[in-house]
$ cat entry.txt   # compact mmCIF, C-alpha atoms
# COMPACT_ATOMS: atom_id res chain seq x y z
CA MET A 1 18.43 -16.40 13.76
CA GLU A 2 18.17 -19.54 15.87
CA ILE A 3 18.28 -22.98 14.25
CA ARG A 4 17.95 -25.91 16.59
CA PRO A 5 20.13 -29.07 16.22
CA LEU A 6 17.08 -31.30 15.62
CA PHE A 7 16.09 -29.10 12.70
CA LEU A 8 19.53 -29.47 11.13
CA VAL A 9 19.11 -33.25 11.23
CA LEU A 10 15.70 -32.96 9.59
CA VAL A 11 17.16 -30.78 6.84
CA LEU A 12 19.84 -33.39 6.12
CA LEU A 13 17.20 -36.12 5.96
CA LEU A 14 15.13 -33.98 3.62
CA MET A 15 18.12 -33.44 1.36
CA CYS A 16 18.90 -37.15 1.25
CA SER A 17 15.32 -38.25 0.67
CA SER A 18 14.25 -35.70 -1.92
CA SER A 19 17.58 -35.13 -3.73
CA ASN A 20 15.99 -32.05 -5.27
CA VAL A 21 18.99 -29.75 -5.11
CA SER A 22 20.58 -31.06 -8.30
CA THR A 23 18.17 -33.63 -9.76
CA ALA A 24 14.83 -31.83 -9.80
CA ILE A 25 12.63 -32.99 -12.67
CA ASP A 26 11.18 -30.70 -15.31
CA CYS A 27 7.42 -30.60 -14.93
CA LYS A 28 5.03 -31.43 -17.75
CA ILE A 29 2.13 -29.51 -19.25
CA THR A 30 -1.18 -31.36 -19.25
CA THR A 31 -2.25 -30.29 -22.75
CA TYR A 32 -0.71 -28.71 -25.82
CA GLY A 33 -0.67 -24.95 -26.23
CA SER A 34 0.48 -21.98 -24.20
CA PRO A 35 1.77 -23.14 -20.77
CA SER A 36 0.00 -20.30 -18.99
CA LYS A 37 -3.38 -21.37 -20.42
CA SER A 38 -3.14 -25.16 -20.24
CA LEU A 39 -2.67 -25.83 -16.53
CA SER A 40 -5.14 -27.67 -14.35
CA THR A 41 -6.53 -25.01 -12.02
CA ILE A 42 -7.62 -25.23 -8.38
CA THR A 43 -9.35 -22.14 -7.04
CA VAL A 44 -9.04 -20.85 -3.47
CA ASP A 45 -11.68 -18.40 -2.27
CA LYS A 46 -12.10 -17.64 1.42
CA SER A 47 -15.76 -16.84 0.82
CA GLY A 48 -16.36 -20.50 -0.05
CA ARG A 49 -17.02 -19.97 -3.75
CA GLY A 50 -13.89 -21.79 -4.92
CA ASN A 51 -12.69 -25.37 -4.78
CA HIS A 52 -11.21 -24.69 -1.36
CA ALA A 53 -11.48 -21.99 1.31
CA THR A 54 -7.83 -22.13 2.43
CA VAL A 55 -4.54 -22.28 0.59
CA GLN A 56 -3.35 -25.28 2.60
CA GLU A 57 -6.44 -27.28 1.66
CA ALA A 58 -5.66 -26.63 -2.01
CA VAL A 59 -2.04 -27.74 -1.57
CA ASN A 60 -3.19 -30.87 0.25
CA SER A 61 -5.38 -31.78 -2.72
CA VAL A 62 -2.35 -32.11 -5.02
CA ARG A 63 -1.26 -35.74 -5.17
CA SER A 64 2.19 -36.76 -3.94
CA GLY A 65 4.69 -37.34 -6.73
CA ASN A 66 2.89 -34.94 -9.03
CA ALA A 67 4.83 -34.29 -12.27
CA TYR A 68 2.41 -31.95 -14.07
CA TRP A 69 2.13 -28.21 -13.56
CA ILE A 70 -0.90 -27.45 -11.41
CA HIS A 71 -2.25 -23.92 -11.02
CA ILE A 72 -3.56 -22.87 -7.60
CA LEU A 73 -5.39 -19.58 -8.10
CA VAL A 74 -5.91 -17.65 -4.86
CA LYS A 75 -8.67 -15.05 -4.99
CA PRO A 76 -8.23 -11.64 -3.31
CA GLY A 77 -8.26 -11.63 0.46
CA ILE A 78 -6.17 -11.96 3.61
CA TYR A 79 -5.58 -15.63 4.36
CA LYS A 80 -4.62 -16.05 8.01
CA GLU A 81 -2.91 -19.42 7.93
CA LYS A 82 0.43 -21.18 7.85
CA VAL A 83 1.05 -22.86 4.51
CA THR A 84 3.51 -25.64 3.68
CA ILE A 85 4.21 -27.16 0.28
CA PRO A 86 5.90 -30.50 1.14
CA TRP A 87 8.85 -31.80 -0.83
CA ASP A 88 6.81 -34.49 -2.63
CA LYS A 89 4.35 -32.00 -4.20
CA GLU A 90 6.33 -30.43 -7.01
CA CYS A 91 5.10 -28.51 -10.05
CA ILE A 92 2.78 -26.07 -8.28
CA VAL A 93 2.07 -22.56 -9.53
CA LEU A 94 0.63 -20.48 -6.69
CA GLU A 95 -0.92 -17.29 -8.04
CA GLY A 96 -2.69 -14.45 -6.29
CA SER A 97 -4.44 -11.38 -7.67
CA GLY A 98 -1.46 -9.14 -6.93
CA SER A 99 0.64 -8.74 -3.79
CA GLY A 100 -1.56 -5.84 -2.73
CA GLN A 101 -4.75 -7.92 -2.92
CA THR A 102 -3.81 -11.48 -1.95
CA ARG A 103 -1.90 -12.03 1.28
CA ILE A 104 -0.97 -15.08 3.34
CA THR A 105 -0.19 -13.95 6.89
CA TRP A 106 0.55 -15.43 10.29
CA ASN A 107 2.19 -14.21 13.49
CA GLY A 108 4.52 -17.09 14.31
CA HIS A 109 7.73 -16.25 16.16
CA GLY A 110 10.69 -17.83 17.85
CA PRO A 111 12.96 -20.49 16.30
CA THR A 112 13.22 -20.07 12.56
CA ASP A 113 12.26 -23.69 11.88
CA THR A 114 8.81 -23.16 13.37
CA SER A 115 7.90 -19.51 12.82
CA ALA A 116 7.56 -19.36 9.02
CA THR A 117 4.22 -18.29 7.59
CA PHE A 118 4.97 -19.98 4.27
CA THR A 119 7.26 -22.91 3.52
CA ALA A 120 8.08 -24.28 0.07
CA ALA A 121 10.05 -27.51 0.43
CA ALA A 122 9.28 -28.82 -3.07
CA ALA A 123 11.32 -28.20 -6.18
CA ASN A 124 9.78 -26.71 -9.31
CA PHE A 125 7.66 -24.12 -7.56
CA VAL A 126 6.32 -20.84 -8.97
CA ALA A 127 4.60 -18.01 -7.09
CA LYS A 128 3.03 -14.97 -8.72
CA GLY A 129 1.29 -11.87 -7.41
CA ILE A 130 1.00 -12.85 -3.77
CA ALA A 131 2.27 -11.49 -0.44
CA PHE A 132 3.80 -13.58 2.34
CA GLU A 133 3.79 -11.87 5.71
CA ASN A 134 4.82 -12.56 9.27
CA SER A 135 3.02 -9.94 11.32
CA TYR A 136 4.49 -10.76 14.73
CA ASP A 137 6.94 -7.87 15.10
CA MET A 138 4.68 -5.26 13.49
CA PRO A 139 4.17 -2.63 14.59
CA ILE A 140 7.63 -2.70 16.15
CA VAL A 141 7.36 -3.08 19.92
CA GLN A 142 9.58 -1.20 22.31
CA GLN A 143 10.84 -4.41 23.92
CA ASN A 144 12.78 -7.29 22.40
CA TRP A 145 11.83 -8.77 19.04
CA VAL A 146 12.50 -12.32 17.87
CA PRO A 147 12.92 -14.16 14.56
CA ALA A 148 9.65 -14.19 12.65
CA VAL A 149 10.04 -15.75 9.20
CA ALA A 150 7.58 -14.82 6.46
CA ALA A 151 8.79 -17.42 3.93
CA ARG A 152 11.38 -20.18 3.79
CA ILE A 153 12.37 -21.69 0.46
CA TYR A 154 14.13 -25.05 0.12
CA GLY A 155 13.23 -26.36 -3.33
CA ASP A 156 15.51 -26.15 -6.35
CA LYS A 157 14.13 -24.38 -9.44
CA SER A 158 11.82 -22.05 -7.50
CA SER A 159 10.75 -18.67 -8.86
CA PHE A 160 8.77 -15.73 -7.52
CA HIS A 161 7.25 -13.03 -9.70
CA HIS A 162 5.73 -9.78 -8.39
CA CYS A 163 5.52 -11.17 -4.87
CA ALA A 164 5.99 -9.43 -1.53
CA PHE A 165 7.79 -10.70 1.57
CA ILE A 166 6.93 -8.72 4.69
CA GLY A 167 8.50 -9.03 8.14
CA PHE A 168 11.04 -7.46 10.46
CA GLN A 169 13.67 -10.03 11.45
CA ASP A 170 14.62 -13.00 9.19
CA THR A 171 11.82 -12.20 6.75
CA LEU A 172 12.93 -14.34 3.80
CA TRP A 173 14.83 -17.52 4.55
CA ASP A 174 16.44 -18.38 1.22
CA VAL A 175 17.52 -21.77 2.53
CA ARG A 176 19.08 -23.65 -0.40
CA GLY A 177 18.65 -24.41 -4.08
CA ARG A 178 18.44 -22.20 -7.18
CA HIS A 179 15.87 -19.45 -6.83
CA TYR A 180 14.76 -16.54 -8.99
CA PHE A 181 13.00 -13.45 -7.63
CA ASN A 182 11.61 -11.14 -10.30
CA SER A 183 10.15 -7.70 -9.48
CA CYS A 184 9.49 -8.68 -5.86
CA SER A 185 9.41 -6.46 -2.77
CA ILE A 186 11.18 -7.60 0.39
CA GLU A 187 10.82 -5.76 3.67
CA GLY A 188 12.62 -6.02 6.99
CA ALA A 189 15.36 -4.76 9.27
CA VAL A 190 17.58 -7.55 10.58
CA ASP A 191 19.04 -10.30 8.34
CA PHE A 192 15.87 -10.13 6.33
CA ILE A 193 17.27 -11.94 3.29
CA TRP A 194 19.32 -14.83 4.61
CA GLY A 195 20.34 -18.44 4.09
CA SER A 196 22.43 -20.50 1.69
CA GLY A 197 20.39 -20.27 -1.50
CA GLN A 198 21.90 -19.78 -4.94
CA SER A 199 19.61 -16.94 -5.88
CA PHE A 200 19.15 -14.14 -8.37
CA TYR A 201 17.09 -11.07 -7.40
CA GLU A 202 16.14 -9.07 -10.49
CA ASP A 203 14.42 -5.67 -10.34
CA CYS A 204 13.48 -6.19 -6.70
CA SER A 205 12.60 -3.48 -4.19
CA ILE A 206 14.40 -3.90 -0.87
CA LYS A 207 12.70 -1.89 1.88
CA VAL A 208 14.65 -1.34 5.10
CA THR A 209 12.61 -0.69 8.25
CA ALA A 210 15.42 -0.54 10.82
CA GLY A 211 14.44 3.02 11.64
CA LEU A 212 11.19 1.80 13.18
CA ALA A 213 13.08 0.20 16.07
CA PRO A 214 14.01 2.26 19.14
CA PRO A 215 17.45 3.88 18.52
CA GLN A 216 18.91 2.33 21.64
CA ARG A 217 18.02 -1.13 20.32
CA LEU A 218 19.31 -0.98 16.76
CA TYR A 219 21.95 1.32 15.32
CA ALA A 220 21.71 -0.27 11.89
CA GLY A 221 20.00 -3.22 10.28
CA TYR A 222 21.36 -5.89 7.95
CA ILE A 223 19.85 -6.58 4.56
CA THR A 224 21.54 -9.91 3.83
CA ALA A 225 23.11 -12.73 5.84
CA GLN A 226 24.38 -15.21 3.27
CA GLY A 227 25.68 -18.59 4.45
CA ARG A 228 28.12 -19.92 1.81
CA GLN A 229 30.33 -22.52 3.50
CA SER A 230 33.32 -23.05 1.18
CA ALA A 231 34.99 -21.81 -1.98
CA LYS A 232 33.37 -24.72 -3.85
CA ASP A 233 29.91 -23.90 -2.54
CA SER A 234 27.81 -22.55 -5.46
CA SER A 235 25.48 -20.52 -3.26
CA GLY A 236 25.25 -16.75 -3.12
CA PHE A 237 22.87 -13.84 -3.60
CA VAL A 238 23.02 -11.66 -6.71
CA PHE A 239 20.95 -8.47 -6.93
CA GLU A 240 20.61 -6.97 -10.41
CA ARG A 241 19.06 -3.54 -10.78
CA GLY A 242 16.24 -2.88 -8.32
CA SER A 243 16.52 -0.52 -5.37
CA VAL A 244 17.39 -0.34 -1.68
CA PHE A 245 15.45 2.26 0.29
CA GLY A 246 13.60 2.82 3.57
CA ILE A 247 14.19 4.36 6.98
CA GLY A 248 17.09 4.02 9.39
CA LYS A 249 20.51 2.66 8.52
CA ALA A 250 21.53 -0.74 7.17
CA TYR A 251 24.54 -2.74 6.09
CA LEU A 252 24.30 -4.44 2.71
CA GLY A 253 25.11 -7.67 4.50
CA ARG A 254 26.93 -9.59 7.18
CA ALA A 255 28.59 -12.99 6.99
CA TYR A 256 26.38 -15.92 7.95
CA GLY A 257 28.99 -18.33 6.55
CA PRO A 258 32.81 -18.36 6.24
CA HIS A 259 32.67 -17.79 2.46
CA SER A 260 29.63 -15.54 2.32
CA ARG A 261 28.88 -14.19 -1.19
CA VAL A 262 26.65 -11.25 -2.17
CA VAL A 263 26.82 -9.08 -5.31
CA PHE A 264 24.85 -5.91 -6.07
CA HIS A 265 24.88 -4.93 -9.75
CA GLY A 266 23.29 -1.81 -11.18
CA THR A 267 21.23 -1.27 -8.03
CA GLU A 268 19.89 2.06 -6.78
CA LEU A 269 21.28 2.33 -3.24
CA GLY A 270 19.66 4.84 -0.91
CA ALA A 271 21.47 7.03 1.61
CA LEU A 272 20.57 4.58 4.38
CA VAL A 273 23.46 2.26 3.43
CA VAL A 274 26.12 2.35 6.15
CA PRO A 275 29.42 3.64 4.65
CA ASP A 276 31.30 0.45 5.63
CA GLY A 277 28.78 -1.53 3.63
CA TRP A 278 29.56 -4.96 5.07
CA ASP A 279 30.10 -6.68 8.43
CA ALA A 280 32.23 -9.81 9.04
CA TRP A 281 30.09 -10.71 12.07
CA HIS A 282 31.32 -14.05 13.54
CA TYR A 283 34.05 -14.44 10.90
CA LYS A 284 36.40 -11.60 11.73
CA GLY A 285 39.86 -12.54 10.54
CA SER A 286 38.54 -14.53 7.58
CA GLU A 287 37.42 -11.59 5.49
CA GLN A 288 39.63 -12.66 2.58
CA ASN A 289 37.22 -15.55 1.98
CA PHE A 290 34.13 -13.37 1.46
CA MET A 291 32.83 -12.33 -1.94
CA TYR A 292 31.12 -9.01 -1.31
CA ALA A 293 30.97 -6.73 -4.32
CA GLU A 294 29.16 -3.82 -5.93
CA ALA A 295 29.25 -3.00 -9.62
CA ASN A 296 27.70 -0.09 -11.50
CA CYS A 297 25.44 0.86 -8.60
CA ARG A 298 24.11 4.38 -8.23
CA GLY A 299 22.37 6.60 -5.67
CA ALA A 300 23.32 8.34 -2.46
CA GLY A 301 24.44 5.07 -0.84
CA ALA A 302 26.57 3.84 -3.74
CA ASP A 303 29.79 5.67 -2.81
CA THR A 304 32.32 2.89 -2.19
CA SER A 305 35.20 5.11 -1.05
CA ARG A 306 34.52 4.29 2.63
CA ARG A 307 33.66 0.62 2.23
CA VAL A 308 35.53 -2.06 4.18
CA ARG A 309 38.91 -2.68 2.59
CA TRP A 310 38.05 -6.32 1.89
CA GLU A 311 35.15 -5.57 -0.44
CA ARG A 312 35.91 -7.21 -3.80
CA SER A 313 35.88 -5.81 -7.30
CA VAL A 314 34.00 -7.84 -9.90
CA SER A 315 36.40 -8.79 -12.68
CA GLU A 316 34.02 -11.20 -14.41
CA LEU A 317 30.55 -9.75 -14.04
CA GLN A 318 29.16 -12.13 -16.66
CA LYS A 319 29.46 -15.12 -14.32
CA PHE A 320 26.98 -13.38 -12.01
CA SER A 321 24.37 -12.93 -14.75
CA ARG A 322 21.06 -14.75 -14.40
CA ASP A 323 21.90 -17.26 -17.15
CA LYS A 324 25.34 -18.11 -15.77
CA PHE A 325 24.61 -17.99 -12.06
CA ILE A 326 21.33 -19.92 -11.71
CA ASP A 327 19.97 -20.86 -15.15
CA GLN A 328 22.72 -22.81 -16.88
CA ASP A 329 20.28 -25.63 -17.80
CA ARG A 330 17.51 -23.21 -18.84
CA TRP A 331 15.02 -24.33 -16.20
CA LEU A 332 13.33 -20.92 -16.11
CA VAL A 333 12.22 -21.32 -19.73
CA ASN A 334 10.45 -24.57 -18.80
CA GLN A 335 8.31 -22.90 -16.15
CA PRO A 336 4.86 -21.48 -16.96
CA SER A 337 5.24 -17.95 -18.29
CA ALA A 338 5.01 -15.09 -15.84
$ encode --input "entry.txt" --output "structure tokens"
Amino acid sequence: MEIRPLFLVLVLLLMCSSSNVSTAIDCKITTYGSPSKSLSTITVDKSGRGNHATVQEAVNSVRSGNAYWIHILVKPGIYKEKVTIPWDKECIVLEGSGSGQTRITWNGHGPTDTSATFTAAAANFVAKGIAFENSYDMPIVQQNWVPAVAARIYGDKSSFHHCAFIGFQDTLWDVRGRHYFNSCSIEGAVDFIWGSGQSFYEDCSIKVTAGLAPPQRLYAGYITAQGRQSAKDSSGFVFERGSVFGIGKAYLGRAYGPHSRVVFHGTELGALVVPDGWDAWHYKGSEQNFMYAEANCRGAGADTSRRVRWERSVSELQKFSRDKFIDQDRWLVNQPSA
């Protein structure tokens, strides 16, 4: 992960100008009736038979300051493009025909602020049945690899349903804001779910591909790198149910911030999980500030007897439920049904 100083300034400006971390509006439905059937629809078809031939053209057609849910329906196909949803284009539902049929892919690489295939800066965003891929490091080369982000998510109140995130290093940049991932698949080897989002991953499949790298280059991968900065910081990653599987070895996470927080609850953990479970990384000596925990997990990798001694026990599991952790104001109910 490499984030340049200029990018950090731009992020601060974005936060000040959009104020969408805590004040995101609730979008409106254009007509009465079922939300899933009453949205204005823009069709993307690479064959030219839709309203637009590229996803970015469809996004560009949404007016700035939009406050009504707009449905962008992406027909089956591989869309080789970089896509950005800017902060002033909220209330977009981006829907494919299934993550196995509709894919947005690019091979950007290098600094994380420039390599992402897909960027969602706007609040109130929904994605369904679509794959986001960064193909740069695949197949895994025998030389060095570099950060290659498949998706980066800034906007508050963002949800993803039956989507796929495919990459090798830094696949999913869960930057900031409240995010919900439902029945998604996420693939990678190194820090492939990372950032400072306040996010809930429910019934997601986490595929580790660290074993594809040459053994001399990578002993074990890292599933998460969460960047919580203080005890008052509300961010963290919660995984409920779902599974962790793949090839090679991997830590459940390493600290990307001094108060890093990750919880696995009821998850099927494969034998690939390194017995230590967690890595303090650049914050050795501050392990007492981390919140790393497992509760009611199962599988060959769920034995906690050899975990690092500073792994926490979860005394109040309820506060890490979906409703308590990310959905206190019931914003998920106000989104178009999945």
$ residues_around --input "entry.txt" --residues "range 99-107 of chain A" --least-positions-apart "3" --cutoff "7 Å" --atoms "all atoms listed in the file" --output "CSV table (one decimal) with C-alpha atoms, in the frame of the given file"
chain,number,residue,atom,x,y,z
A,75,LYS,CA,-8.7,-15.0,-5.0
A,76,PRO,CA,-8.2,-11.6,-3.3
A,77,GLY,CA,-8.3,-11.6,0.5
A,78,ILE,CA,-6.2,-12.0,3.6
A,79,TYR,CA,-5.6,-15.6,4.4
A,80,LYS,CA,-4.6,-16.0,8.0
A,81,GLU,CA,-2.9,-19.4,7.9
A,82,LYS,CA,0.4,-21.2,7.8
A,96,GLY,CA,-2.7,-14.4,-6.3
A,117,THR,CA,4.2,-18.3,7.6
A,129,GLY,CA,1.3,-11.9,-7.4
A,130,ILE,CA,1.0,-12.8,-3.8
A,131,ALA,CA,2.3,-11.5,-0.4
A,132,PHE,CA,3.8,-13.6,2.3
A,133,GLU,CA,3.8,-11.9,5.7
A,134,ASN,CA,4.8,-12.6,9.3
A,135,SER,CA,3.0,-9.9,11.3
A,136,TYR,CA,4.5,-10.8,14.7
A,162,HIS,CA,5.7,-9.8,-8.4
A,163,CYS,CA,5.5,-11.2,-4.9
A,164,ALA,CA,6.0,-9.4,-1.5
$ atom_distance --input "entry.txt" --atom1 "CA of Gly248 in chain A" --atom2 "CA of Thr112 in chain A"
24.6 Å
$ closest_residue --input "entry.txt" --among "A:Glu294, A:Gln335, A:Gly299, A:Lys284" --to "Ala127 in chain A" --atoms "all atoms listed in the file"
A:Gln335
$ residues_around --input "entry.txt" --residues "Gly48 in chain A" --least-positions-apart "5" --cutoff "12 Å" --atoms "all atoms listed in the file" --output "list in words"
Thr43, Ala53, Thr54, Val55, Val74 and Lys75 of chain A
$ closest_residue --input "entry.txt" --among "A:Ala255, A:Ile29, A:Ala280, A:Ile326" --to "Arg178 in chain A" --atoms "only C-alpha atoms"
A:Ile326
$ closest_residue --input "entry.txt" --among "A:Gly270, A:Gly277, A:Gly242, A:Gly257" --to "Phe290 in chain A" --atoms "only C-alpha atoms"
A:Gly257
$ closest_residue --input "entry.txt" --among "A:Ser337, A:Ala148, A:Ala122, A:Leu272" --to "Leu39 in chain A" --atoms "only C-alpha atoms"
A:Ser337
$ residues_around --input "entry.txt" --residues "Phe168 in chain A" --least-positions-apart "4" --cutoff "8 Å" --atoms "all atoms listed in the file" --output "PyMOL selection string"
chain A and resi 137-138+148+187-190+192+209
$ atom_distance --input "entry.txt" --atom1 "CA of Phe264 in chain A" --atom2 "CA of Phe239 in chain A"
4.7 Å
$ closest_residue --input "entry.txt" --among "A:Gly266, A:Ser260, A:Leu317, A:Trp194" --to "Lys232 in chain A" --atoms "all atoms listed in the file"
A:Ser260
$ atom_distance --input "entry.txt" --atom1 "CA of Phe237 in chain A" --atom2 "CA of Tyr219 in chain A"
24.3 Å
$ closest_residue --input "entry.txt" --among "A:Arg307, A:His71, A:Arg217, A:Arg152" --to "Phe118 in chain A" --atoms "all atoms listed in the file"
A:Arg152
$ residues_around --input "entry.txt" --residues "Ser243 in chain A" --least-positions-apart "2" --cutoff "8 Å" --atoms "only C-alpha atoms" --output "list in words"
Asp203, Cys204, Ser205, Ile206, Arg241, Phe245, Thr267, Glu268, Leu269 and Gly270 of chain A
$ residues_near_point --input "entry.txt" --point "(8.9, -21.4, 12.5)" --cutoff "12 Å" --atoms "all atoms listed in the file" --output "PyMOL selection string"
chain A and resi 1-4+7+82-84+106-119+134+136+146-152+170-173
